[in-house]
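S.K.: The structure under discussion is supplied below as structure tokens; questions concerning it will follow.
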Amino acid sequence: VRRILDIVGGSLLIQSSRILTPEGIVSGAVLVRDGIVQNVFDQDDKQLENELCPDSIDVGDRWILPGIIDGHVHVNEPGRTEWEGAETATRAAAAGGITTIVDMPLNSSPVTVSLEALREKQQAVAEKCRVDFGFHGGAVGPSRGASNSVSTPKAIRELIDAGIVGLKVFQCDSGLDEFPAITRRELDWLMPILAEAGVPLWSHAELIPKDWKSPNPIDEYSAWPEARSKEFERRAIEELIELGEKHSCPIHIVHLATASALSKIRAAKRRGVKLTVETCPHYLYFASEHIPPRDPRFKCCPPIRELENRHLLWQALELGEIDTIGSDHSPCPPSMKFLDTGDFAKAWGGISSLQLLLPILWNTARNYEMPITRLIECMAQTPAKLIGIEDRKGSIAPGKDADLVVFDDEEIWTARGEELEHRHKVTPYEGIELTGRVKQTYLRGELIYDNGKFADKPSGKFVKRST
Ligand SMILES: [Zn+2]
């Protein structure tokens with residue numbers, strides 16, 4: 001790996017005919033000093049000549065994009081590193097053009113619901129991160145086993161003061177005993193605290209009747225989305241909107257899968273409810289009609305729905321009704337996916353896609369004729385704003401961290417689980433053909449990924465919300 005910074009003494013100049021900036025696509029060069037974007041020059045700019053030196057890099061027609069920010073990653077460290085871990089997850093991120101990830105408070109052990117647990121997690125992942133790394137805290141309701149204590153206002157305030165970028169809750173069973181669902185009663189005291197601090201509530205929005213049971217066995221995939229009904233998502237979103245409006249609390253709906261919830265979302269946004277919405281690559285790429293029977297690689301919650309639904313999600317993304325895209329990278333050991341027996345009902349729900357996030361969406365956005373500027377806004381600028389780091393990250397502009405991705409939009413390649421960097425190689429994207437590939441990734445001006453090779457040492461730092 002070339003150490004650019006050593007060569008030109010703290011400066012770096014990269015030229016490209018397509019630099020994606022907040023002002024549009026620029027043909028010119030990005031000048032970086034001490035890890036910060038100093039200037040973006042148009043190619044006709046006279047000043048650019050003075051900056052050119054033998055060590056300038058010219059990437060030609062390859063894009064220079066802002067580093068992708070993935071606000072929704074399950075890293076699972078400490079406690080479940082046999083599922084994933086900071087080392088492998090951040091390698092996958094770097095190779096996928098993602099320069100900041102935010103870790104979810106589950107499925108690590110302990111779950112990040114207290115300051116002590118946050119400190120334990122920070123200690124566990126320190127020195128291992130190849131990209132910048134933020135933390136969500138979590139709030140939990142009373143557990144049936146009573147082994148866990150319910151969240152308290154004090155615990156939430158401590159997490160906020162420690163710099164968490166969002167607070168995650170489940171409105172339904174999370175699948176983990178130590179992370180029980182939140183109830184209306186807790187949301188009623190939680191939301192005013194978040195509103196005052198300006199920290200958004202990130203919610204897994206499904207309200208599931210108490211007597212509901214997953215069908216078993218599940219052979220045809222369609223049995224899964226039919227049982228885990230769209231109504232569950234719609235009802236949970238209605239509750240969030242109602243309470244968020246009452247408490248003026250910023251709400252972020254994670255992994256929206258159901259397009260028929262969009263009418264409520266649209267109306268709430270129009271009324272001024274502080275509401276943002278995330279969706280995920282699997283909802284934007286797959287469609288239930290095309291998923292083979294007894295293939296648990298495709299299991300996630302909420303389920304992947306039909307093709308028509310997917311079209312509507314893309315439309316909403318373009319119109320700004322959906323604001324961000326997060327991977328919801330949620331791996332587990334292959335044994336928990338029951339691939340040999342195809343036992344869909346028993347399999348853990350979660351899809352691994354961190355490294356493929358950008359190329360998958362780039363490809364699909366092209367099919368939907370969605371402008372690349374809008375796509376990258378949903379994956380960099382808006383997530384930066386949402387997690388409170390927009391003063392440093394999210395776009396290529398003077399004063400921002402030089403988190404840059406060199407992307408070749410012509411290279412054709414095939415996604416192979418074996419070649420991905422995350423711990424377990426099981427992925428429903430196995431074998432799909434993609435056009436466009438990440439060639440280099442820069443983190444604060446340092447080349448951390450270059451065509452399959454990584455920097456010698458991890459150099460990711462923790463990020464906190466700006467106050
Ligand atoms: Zn998740």
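Chain labels follow the order of the structure tokens: the first chain is A, the next B, and so on; residue numbering restarts at 1 in every chain, and ligands are counted from 1 in their shown order.
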Identify, with DSSP run on backbone atoms, the residues in region 133-162 of chain A assigned to strand (DSSP E or B), and express the list as a list in words.

M.R.: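 The residues of region 133-162 of chain A classed as strand (DSSP E or B) are Phe133, Gly134, Phe135, His136, Gly137 and Gly138 of chain A.
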
S.K.: Could you list, as a PDB file with C-alpha atoms, in the first residue's frame, all the residues within 7 Å of ligand 1, counting only C-alpha atoms and all ligand atoms?

M.R.:
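Contents of part-v4.pdb, freshly written:
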```pdb
ATOM      1  CA  HIS A  72     -26.781   0.551  10.949  1.00  0.00           C
ATOM      2  CA  VAL A  73     -24.230  -2.231  11.492  1.00  0.00           C
ATOM      3  CA  HIS A  74     -24.256  -5.136  13.950  1.00  0.00           C
ATOM      4  CA  MET A 104     -25.979  -1.238  17.026  1.00  0.00           C
ATOM      5  CA  ASP A 328     -28.400  -3.514   8.583  1.00  0.00           C
ATOM      6  CA  HIS A 329     -25.417  -5.835   8.236  1.00  0.00           C
ATOM      7  CA  SER A 330     -26.414  -8.541  10.700  1.00  0.00           C
TER       8      SER A 330
END
```

S.K.: Within 9 Å of Trp202 (chain A), counting only C-alpha atoms, which residues show up once you throw out same-chain ones fewer than 4 positions away? Write them as a list of chain:residue names, please.

M.R.: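 Skipping anything fewer than 4 positions along the chain leaves A:His136, A:Gly166, A:Leu167, A:Lys168, A:Val169, A:Phe170, A:Pro250, A:Ile251, A:His252, A:Ile253, A:Val254.
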
S.K.: May I have the residues from that selection written out with N, CA, C and O atoms, as a PDB file, in the first residue's frame?

M.R.:
```pdb
ATOM      1  N   HIS A 136     -24.415   3.411  18.793  1.00  0.00           N
ATOM      2  CA  HIS A 136     -25.777   3.652  19.259  1.00  0.00           C
ATOM      3  C   HIS A 136     -25.887   3.074  20.661  1.00  0.00           C
ATOM      4  O   HIS A 136     -25.318   2.019  20.948  1.00  0.00           O
ATOM      5  N   GLY A 166     -27.209   7.807  18.453  1.00  0.00           N
ATOM      6  CA  GLY A 166     -28.640   7.550  18.366  1.00  0.00           C
ATOM      7  C   GLY A 166     -29.018   6.568  19.463  1.00  0.00           C
ATOM      8  O   GLY A 166     -28.143   5.943  20.077  1.00  0.00           O
ATOM      9  N   LEU A 167     -30.320   6.440  19.717  1.00  0.00           N
ATOM     10  CA  LEU A 167     -30.767   5.483  20.731  1.00  0.00           C
ATOM     11  C   LEU A 167     -31.719   4.475  20.080  1.00  0.00           C
ATOM     12  O   LEU A 167     -32.754   4.836  19.536  1.00  0.00           O
ATOM     13  N   LYS A 168     -31.340   3.202  20.151  1.00  0.00           N
ATOM     14  CA  LYS A 168     -32.089   2.160  19.446  1.00  0.00           C
ATOM     15  C   LYS A 168     -33.069   1.463  20.376  1.00  0.00           C
ATOM     16  O   LYS A 168     -32.717   1.120  21.511  1.00  0.00           O
ATOM     17  N   VAL A 169     -34.273   1.244  19.880  1.00  0.00           N
ATOM     18  CA  VAL A 169     -35.258   0.446  20.621  1.00  0.00           C
ATOM     19  C   VAL A 169     -35.922  -0.544  19.668  1.00  0.00           C
ATOM     20  O   VAL A 169     -35.867  -0.388  18.455  1.00  0.00           O
ATOM     21  N   PHE A 170     -36.543  -1.547  20.239  1.00  0.00           N
ATOM     22  CA  PHE A 170     -37.383  -2.487  19.500  1.00  0.00           C
ATOM     23  C   PHE A 170     -38.818  -2.328  19.975  1.00  0.00           C
ATOM     24  O   PHE A 170     -39.066  -2.345  21.173  1.00  0.00           O
ATOM     25  N   PRO A 250     -37.200  13.595  17.854  1.00  0.00           N
ATOM     26  CA  PRO A 250     -36.772  13.119  16.535  1.00  0.00           C
ATOM     27  C   PRO A 250     -36.799  11.600  16.455  1.00  0.00           C
ATOM     28  O   PRO A 250     -36.261  10.908  17.319  1.00  0.00           O
ATOM     29  N   ILE A 251     -37.464  11.099  15.425  1.00  0.00           N
ATOM     30  CA  ILE A 251     -37.656   9.653  15.251  1.00  0.00           C
ATOM     31  C   ILE A 251     -37.000   9.211  13.953  1.00  0.00           C
ATOM     32  O   ILE A 251     -37.174   9.864  12.926  1.00  0.00           O
ATOM     33  N   HIS A 252     -36.287   8.111  14.017  1.00  0.00           N
ATOM     34  CA  HIS A 252     -35.731   7.516  12.798  1.00  0.00           C
ATOM     35  C   HIS A 252     -36.256   6.085  12.701  1.00  0.00           C
ATOM     36  O   HIS A 252     -35.960   5.251  13.552  1.00  0.00           O
ATOM     37  N   ILE A 253     -37.065   5.826  11.686  1.00  0.00           N
ATOM     38  CA  ILE A 253     -37.583   4.470  11.474  1.00  0.00           C
ATOM     39  C   ILE A 253     -36.514   3.684  10.732  1.00  0.00           C
ATOM     40  O   ILE A 253     -36.139   4.059   9.619  1.00  0.00           O
ATOM     41  N   VAL A 254     -36.018   2.621  11.357  1.00  0.00           N
ATOM     42  CA  VAL A 254     -34.974   1.851  10.676  1.00  0.00           C
ATOM     43  C   VAL A 254     -35.609   0.788   9.771  1.00  0.00           C
ATOM     44  O   VAL A 254     -36.772   0.411   9.949  1.00  0.00           O
TER      45      VAL A 254
END
```

S.K.: Which of these residues is nearest to Ile412 (chain A), using only C-alpha atoms: A:Arg437, A:Arg392, A:Arg185, A:Lys230?

M.R.: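 Of all the options, A:Arg437 lies closest to Ile412 (chain A).
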
S.K.: From the list A:Asp340, A:Glu411, A:Asp456, A:Glu318, which residue is nearest Arg374 (chain A) when using only C-alpha atoms?

M.R.: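 Of the candidates, the smallest distance to Arg374 (chain A) is held by A:Glu318.
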
S.K.: Just list the residues in region 250-281 of chain A DSSP gives alpha helix (DSSP H) on the backbone, as a count of residues only.

M.R.: 10

S.K.: Measuring between only C-alpha atoms, which one of A:Arg184, A:Lys299, A:His424, A:Arg444 shows the shortest distance to Pro331 (chain A)?

M.R.: A:His424

S.K.: Of the candidates A:Gly320, A:Pro296, A:Gly96, A:Gly445, which shows the shortest atom-to-atom distance to Gly349 (chain A), using only C-alpha atoms?

M.R.: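 The answer is A:Pro296, which sits nearest to Gly349 (chain A).
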
S.K.: So how far away is CA of Arg80 (chain A) from CA of Asn107 (chain A), in Å?

M.R.: 7.1 Å
